[in-house]
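Student: Pasting a structure here, questions to come.
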Amino acid sequence: MSKKTIAAPANIAFIKYWGARDLDHALPQNSSISMTLERCVTQCTAEAISGDRDEIWLAEQGGGFSSPEPDFVHRIEEHLDRIRRWAGRDERFRVATRNSFPSAAGLASSASGFAALTLAAAGALDRGDGPIEELSRLARSSGSGSAARSVLGGYVEWPPGDDETSYAIQLARADHWDLRDVIAVVEIGPKAVSSLDGHRRTLTSPYFRKRLELLPGRLERVREAIDQRDLGLLGPVLEEEAIDLHLIAMSSQPPIFYWAPGTLEVLRAVRELRQEGLHAWATMDAGANVHVICDPDSEEDVAERLEDLPSVGFVIQDSVGDGPESEEPHLF
Ligand code: PMV
């Protein structure tokens, strides 16, 4: 039977997906824009097998396999059902996945995970080369909407729309603009509130409507910044967006506090680095860790400074990347 392995990268949102019109289908309230990463990847091997149930494994870093938590298994099985319905097939799958970075630490492991699963399972059914719009839509339907963006490389926009029309498109390839992402990890381990719950609560925040009003202008600035390779234009929007996401989380009912004390320490250091003349701007997803977007000339100084902060466990130096790749050897 056919077997396929895909390495799909995480992505970091410049304009965030935070709040859905239809959470069951991961249809967002607003367009989001992200940069696909290079080194933070999920590898997934999927094999179409005969039998009556799917087999799902986590591949350990040092070799060997373990069984995931039942909730995780359930989400994967549901997504494999969607992929079977889409392909009009009824084979079961044997699936193994492995992350190159800490899972569930606000580093978008669900985006890379569901993008990799979608492409590997579609590939195991010989449908992995299908139109990228369809694969993006299918990745979105996993419920982790930002997975729709991880099927593409470079700079990516994912518009709202309906079930048919909400899929990601590439704004620019990775080689258009070499940006770096220095990730300061201040907290490791799963976040207390999932992004699904975060989306669910957005409408309870009095600031959510205000953010929607501000978004068309921000989206324009980010598209223009990417087009012109202008970090001075992009940077302030990155920080506005990250702060808004957390402002809405903190003012939701019940409130969600993703930040840790180290988050503020990193944000202050990034402001200081800018005062010293470096081009570095911070953003955060639904977690405590901080992504510092910078140009290649600033990367080493940014990484050194952040590494020295008492609350930073370690930094990951990543960059814009080309998107998912087919890989061998397989994980099993
Ligand atoms: O795709 P989800 O449901 O995990 O939501 C992603 C939410 C953020 O990472 C916080 C923002 C984004 O656009 O990636």
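Just so we're on the same page: first chain in the structure tokens is A, next is B, and so on; residues restart at 1 for each chain, and ligands are numbered from 1 in the order they show up.
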Residues of chain A that have any atom at most 7 Å from an atom of ligand 1: could you tabulate them with the shortest-distance atom pair and the distance in Å to one decimal, using only C-alpha atoms and all ligand atoms, ordered by chain and increasing number, as CSV?
Tutor:
residue,atom,partner,partner_atom_place_in_ligand_line,distance
A:Ile12,CA,ligand 1,14 (O),6.1
A:Ala13,CA,ligand 1,13 (O),4.8
A:Ile15,CA,ligand 1,13 (O),6.6
A:Lys16,CA,ligand 1,13 (O),3.8
A:Tyr17,CA,ligand 1,13 (O),3.6
A:Trp18,CA,ligand 1,7 (C),5.7
A:Ser32,CA,ligand 1,13 (O),6.0
A:Ala108,CA,ligand 1,9 (O),5.9
A:Ser110,CA,ligand 1,4 (O),5.9
A:Ala111,CA,ligand 1,1 (O),6.0
A:Gly143,CA,ligand 1,3 (O),6.3
A:Ser144,CA,ligand 1,1 (O),3.8
A:Gly145,CA,ligand 1,1 (O),3.9
A:Ser146,CA,ligand 1,1 (O),3.6
A:Ala147,CA,ligand 1,1 (O),6.0
A:Ser195,CA,ligand 1,4 (O),5.1
A:Leu196,CA,ligand 1,3 (O),5.3
A:Asp285,CA,ligand 1,10 (C),4.0
A:Ala286,CA,ligand 1,10 (C),4.3
Student: Once DSSP has gone over the backbone, tell me which residues of segment 25-232 of chain A are in helix (DSSP H, G or I), as number ranges by chain.
Tutor: A: 70-87, 109-124, 132-140, 147-150, 174-176, 195-204, 208-228, 231-232
Student: From the set A:Thr36, A:Ser251, A:Gln170, A:Thr97, which residue has the shortest atom-to-atom contact distance to Gln61 of chain A, counting only C-alpha atoms?
Tutor: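 Checking each of A:Thr36, A:Ser251, A:Gln170, A:Thr97 against Gln61 of chain A, counting only C-alpha atoms, the winner is A:Thr97.
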Student: Skip Ala7 of chain A itself and residues of its chain fewer than 6 positions away, then list as a compact mmCIF listing (two decimals) with N, CA, C and O atoms, in the first residue's frame all residues within 9 Å of it, counting only C-alpha atoms.
Tutor:
# COMPACT_ATOMS: atom_id res chain seq x y z
N VAL A 41 9.19 22.24 12.14
CA VAL A 41 8.35 21.43 11.25
C VAL A 41 7.73 20.26 12.00
O VAL A 41 8.25 19.82 13.03
N THR A 42 6.62 19.78 11.47
CA THR A 42 6.07 18.48 11.87
C THR A 42 6.30 17.52 10.72
O THR A 42 5.96 17.83 9.58
N GLN A 43 6.88 16.36 11.05
CA GLN A 43 6.98 15.30 10.04
C GLN A 43 5.82 14.35 10.27
O GLN A 43 5.51 14.01 11.43
N CYS A 44 5.23 13.91 9.21
CA CYS A 44 4.12 12.96 9.34
C CYS A 44 4.24 11.91 8.24
O CYS A 44 4.37 12.26 7.06
N THR A 45 4.21 10.64 8.64
CA THR A 45 4.13 9.55 7.67
C THR A 45 2.73 8.97 7.73
O THR A 45 2.22 8.70 8.82
N SER A 112 1.27 23.16 11.81
CA SER A 112 2.18 22.28 11.06
C SER A 112 1.69 20.84 11.12
O SER A 112 1.78 20.09 10.14
N ALA A 115 -1.34 20.40 8.78
CA ALA A 115 -0.92 20.54 7.38
C ALA A 115 -0.17 19.27 6.95
O ALA A 115 -0.42 18.71 5.88
N ALA A 116 0.74 18.79 7.83
CA ALA A 116 1.50 17.58 7.48
C ALA A 116 0.58 16.37 7.36
O ALA A 116 0.70 15.57 6.41
N ALA A 120 0.16 14.33 3.94
CA ALA A 120 0.66 12.95 3.94
C ALA A 120 -0.47 11.96 3.65
O ALA A 120 -0.31 11.04 2.83
N GLY A 323 8.00 26.03 2.48
CA GLY A 323 6.75 25.27 2.61
C GLY A 323 7.01 23.77 2.70
O GLY A 323 8.15 23.32 2.77
N PRO A 324 5.92 22.99 2.72
CA PRO A 324 6.03 21.54 2.95
C PRO A 324 6.88 20.83 1.90
O PRO A 324 6.93 21.24 0.74
N GLU A 325 7.52 19.77 2.38
CA GLU A 325 8.32 18.96 1.46
C GLU A 325 8.03 17.50 1.69
O GLU A 325 7.77 17.07 2.81
N SER A 326 8.14 16.76 0.60
CA SER A 326 8.02 15.32 0.67
C SER A 326 9.37 14.77 1.15
O SER A 326 10.40 15.29 0.74
N GLU A 327 9.36 13.81 2.04
CA GLU A 327 10.62 13.36 2.67
C GLU A 327 10.75 11.84 2.68
O GLU A 327 9.75 11.14 2.77
Student: Against segment 218-238 of chain A, which residues of segment 80-191 of chain A fall within 8 Å? For each one I want the closest pair of atoms and the distance in Å (one decimal), counting only C-alpha atoms, rows by chain and increasing residue number, as a Markdown table.
Tutor:
| residue | atom | partner | partner_atom | distance |
| --- | --- | --- | --- | --- |
| A:Tyr155 | CA | A:Ile226 | CA | 7.8 |
| A:Leu171 | CA | A:Arg223 | CA | 7.9 |
| A:Ala172 | CA | A:Ile226 | CA | 7.6 |
| A:Trp177 | CA | A:Arg229 | CA | 6.2 |
